[in-house]
There are 2 protein chains.
Amino acid sequence: MQQQATDVILASDHRGFELKNKIKDFLREKKLFFVDIGVENSDRPLDSAPMPPIIKVVKEAAECVQSAKHMCGIFICGDGIAMSIAANRFRGIRAGLCRTVDGVKQARQHNDINVLCLGGESIDFEEAKKIVSAFLSTRPLEDVRYRKRQKLFDEMA
Amino acid sequence: MQQQATDVILASDHRGFELKNKIKDFLREKKLFFVDIGVENSDRPLDSAPMPPIIKVVKEAAECVQSAKHMCGIFICGDGIAMSIAANRFRGIRAGLCRTVDGVKQARQHNDINVLCLGGESIDFEEAKKIVSAFLSTRPLEDVRYRKRQKLFDEMA
């Protein structure tokens, strides 16, 4: 994997917690810097919680990714759907739910995704490692078409 | 497929146009009502266009889905990523990029997605038909946990 000057912001809900931990070990091996925003365990949150932990974590993680151009995020829930809905609420976040290496390459090249969403219960770790590597090493295409589209995505949020 | 009192709002970019047309035939066979917001052909849009057609179409389609509770959307681009980024910018839209029948069932049950995003170039029509059928016939779970999360998603947009 090509090393990039990238800080990785990690976030998960309880169902994505296990895969997130494995990805942290993988990033440590690669000597990549990351910050884990939460959640801190795989316990199912209480129905009585005033604000579900997933929302709080996504908000804080999205704000971290927004804060600097070299930041990117890996957000993990059970199937990746909730994270991709929540993350794309934020201006400047372009979150893509990817399940293959080819898929994440195209998502980086065409849509310049800065958050990779993964389904912690729908992907195995060996595949996840390849997808994370491709996410961190693929650059967006320098094409005016895509640049314009990304700008418009941001203006929509 | 269980018939639902659902109007389906269709939208695609040029790369999703072909699959969208096939899905229209499928919906006609099932006697389901749909509206196709665009685009009208598979021509690659001009770089010089002031506002890329995909953005205009997604905005109009999202507003249609927002307009009534019985509305849902099927938004298609090359790999489904651009549509899922753009659609989730809108309050009240919960768009999920699904690639399997089990995936779309869970996305409906847990996240009450009201827009199904598909990759027109990454899924074959036979699988797409099964996914569309599951999308239209699966109901969200009546669980306070999910209801609360969806409400918070909406407040984030």
# chains A, B, ... in the order shown; residues from 1 in each chain; ligands from 1
$ interface_residues --of "chain A" --to "chain B" --cutoff "8 Å" --atoms "only C-alpha atoms" --output "PyMOL selection string"
chain A and resi 47+52+55+79+81-82+84-86+88-90+94-97+103+107+111+144-145+149+152-153+156-157
$ write_last_selection --atoms "N, CA and C atoms" --output "PDB file, in the first residue's frame"
ATOM      1  N   ASP A  47     -32.504   1.527  24.735  1.00  0.00           N
ATOM      2  CA  ASP A  47     -33.570   2.268  24.049  1.00  0.00           C
ATOM      3  C   ASP A  47     -33.831   3.607  24.719  1.00  0.00           C
ATOM      4  N   PRO A  52     -29.113   8.340  20.484  1.00  0.00           N
ATOM      5  CA  PRO A  52     -28.398   7.082  20.211  1.00  0.00           C
ATOM      6  C   PRO A  52     -26.916   7.345  19.930  1.00  0.00           C
ATOM      7  N   ILE A  55     -25.521   8.272  16.410  1.00  0.00           N
ATOM      8  CA  ILE A  55     -25.704   9.613  15.848  1.00  0.00           C
ATOM      9  C   ILE A  55     -24.628  10.559  16.388  1.00  0.00           C
ATOM     10  N   ASP A  79     -24.488  -3.189   8.425  1.00  0.00           N
ATOM     11  CA  ASP A  79     -24.469  -3.396   6.973  1.00  0.00           C
ATOM     12  C   ASP A  79     -23.979  -2.160   6.201  1.00  0.00           C
ATOM     13  N   ILE A  81     -25.368   0.702   5.846  1.00  0.00           N
ATOM     14  CA  ILE A  81     -26.436   1.574   5.334  1.00  0.00           C
ATOM     15  C   ILE A  81     -26.654   2.775   6.262  1.00  0.00           C
ATOM     16  N   ALA A  82     -26.810   2.510   7.556  1.00  0.00           N
ATOM     17  CA  ALA A  82     -27.079   3.616   8.495  1.00  0.00           C
ATOM     18  C   ALA A  82     -25.937   4.630   8.457  1.00  0.00           C
ATOM     19  N   SER A  84     -23.932   5.270   5.961  1.00  0.00           N
ATOM     20  CA  SER A  84     -23.893   6.039   4.705  1.00  0.00           C
ATOM     21  C   SER A  84     -25.026   7.066   4.653  1.00  0.00           C
ATOM     22  N   ILE A  85     -26.164   6.761   5.277  1.00  0.00           N
ATOM     23  CA  ILE A  85     -27.237   7.760   5.360  1.00  0.00           C
ATOM     24  C   ILE A  85     -26.768   8.923   6.238  1.00  0.00           C
ATOM     25  N   ALA A  86     -26.303   8.578   7.442  1.00  0.00           N
ATOM     26  CA  ALA A  86     -25.967   9.615   8.421  1.00  0.00           C
ATOM     27  C   ALA A  86     -24.788  10.480   7.959  1.00  0.00           C
ATOM     28  N   ASN A  88     -23.624  11.171   4.979  1.00  0.00           N
ATOM     29  CA  ASN A  88     -23.888  12.053   3.833  1.00  0.00           C
ATOM     30  C   ASN A  88     -24.794  13.232   4.164  1.00  0.00           C
ATOM     31  N   ARG A  89     -25.276  13.296   5.413  1.00  0.00           N
ATOM     32  CA  ARG A  89     -26.036  14.477   5.846  1.00  0.00           C
ATOM     33  C   ARG A  89     -25.123  15.702   5.958  1.00  0.00           C
ATOM     34  N   PHE A  90     -23.820  15.485   6.044  1.00  0.00           N
ATOM     35  CA  PHE A  90     -22.898  16.575   6.381  1.00  0.00           C
ATOM     36  C   PHE A  90     -22.216  17.158   5.145  1.00  0.00           C
ATOM     37  N   ARG A  94     -18.468  13.006   1.584  1.00  0.00           N
ATOM     38  CA  ARG A  94     -18.940  12.169   0.481  1.00  0.00           C
ATOM     39  C   ARG A  94     -18.654  10.725   0.897  1.00  0.00           C
ATOM     40  N   ALA A  95     -19.693  10.071   1.395  1.00  0.00           N
ATOM     41  CA  ALA A  95     -19.527   8.736   1.983  1.00  0.00           C
ATOM     42  C   ALA A  95     -20.041   7.668   1.033  1.00  0.00           C
ATOM     43  N   GLY A  96     -19.233   6.670   0.797  1.00  0.00           N
ATOM     44  CA  GLY A  96     -19.613   5.583  -0.111  1.00  0.00           C
ATOM     45  C   GLY A  96     -19.561   4.239   0.587  1.00  0.00           C
ATOM     46  N   LEU A  97     -20.627   3.486   0.433  1.00  0.00           N
ATOM     47  CA  LEU A  97     -20.692   2.126   0.975  1.00  0.00           C
ATOM     48  C   LEU A  97     -20.096   1.186  -0.069  1.00  0.00           C
ATOM     49  N   GLY A 103     -14.992  -1.551  -6.547  1.00  0.00           N
ATOM     50  CA  GLY A 103     -16.014  -0.570  -6.171  1.00  0.00           C
ATOM     51  C   GLY A 103     -15.429   0.631  -5.448  1.00  0.00           C
ATOM     52  N   ALA A 107     -15.246   4.538  -6.618  1.00  0.00           N
ATOM     53  CA  ALA A 107     -15.861   5.540  -5.732  1.00  0.00           C
ATOM     54  C   ALA A 107     -14.862   6.648  -5.386  1.00  0.00           C
ATOM     55  N   ASN A 111     -16.045   9.867  -7.474  1.00  0.00           N
ATOM     56  CA  ASN A 111     -16.808  10.678  -6.515  1.00  0.00           C
ATOM     57  C   ASN A 111     -15.949  11.241  -5.391  1.00  0.00           C
ATOM     58  N   VAL A 144     -12.630  17.638 -14.941  1.00  0.00           N
ATOM     59  CA  VAL A 144     -13.478  18.771 -14.587  1.00  0.00           C
ATOM     60  C   VAL A 144     -14.915  18.332 -14.281  1.00  0.00           C
ATOM     61  N   ARG A 145     -15.359  17.306 -14.996  1.00  0.00           N
ATOM     62  CA  ARG A 145     -16.712  16.768 -14.792  1.00  0.00           C
ATOM     63  C   ARG A 145     -16.936  16.349 -13.336  1.00  0.00           C
ATOM     64  N   ARG A 149     -19.156  18.029 -10.177  1.00  0.00           N
ATOM     65  CA  ARG A 149     -20.199  17.256  -9.512  1.00  0.00           C
ATOM     66  C   ARG A 149     -19.990  17.244  -7.998  1.00  0.00           C
ATOM     67  N   LEU A 152     -21.035  20.405  -6.441  1.00  0.00           N
ATOM     68  CA  LEU A 152     -22.499  20.498  -6.351  1.00  0.00           C
ATOM     69  C   LEU A 152     -23.046  19.602  -5.228  1.00  0.00           C
ATOM     70  N   PHE A 153     -22.442  18.428  -5.045  1.00  0.00           N
ATOM     71  CA  PHE A 153     -22.836  17.576  -3.911  1.00  0.00           C
ATOM     72  C   PHE A 153     -22.703  18.371  -2.619  1.00  0.00           C
ATOM     73  N   MET A 156     -25.283  20.885  -1.970  1.00  0.00           N
ATOM     74  CA  MET A 156     -26.612  20.323  -1.667  1.00  0.00           C
ATOM     75  C   MET A 156     -26.772  20.057  -0.166  1.00  0.00           C
ATOM     76  N   ALA A 157     -25.682  19.872   0.542  1.00  0.00           N
ATOM     77  CA  ALA A 157     -25.800  19.470   1.960  1.00  0.00           C
ATOM     78  C   ALA A 157     -26.130  20.688   2.836  1.00  0.00           C
TER      79      ALA A 157
END
$ select_by_dssp --residues "stretch 4-154 of chain B" --states "strand (DSSP E or B)" --output "MDAnalysis selection string"
chainID B and resid 7:12 34:36 71:77 95:97 115:119
$ select_by_dssp --residues "chain B" --states "helix (DSSP H, G or I)" --output "PyMOL selection string"
chain B and resi 17-29+53-66+81-87+101-111+125-137+144-156
$ closest_residue --among "B:Cys72, B:Asp25, B:Asp43, B:Gln109" --to "B:Glu142" --atoms "only C-alpha atoms"
B:Gln109
$ closest_residue --among "B:Glu126, B:Gly92, B:Ser133, B:Phe33" --to "B:Lys69" --atoms "only C-alpha atoms"
B:Gly92
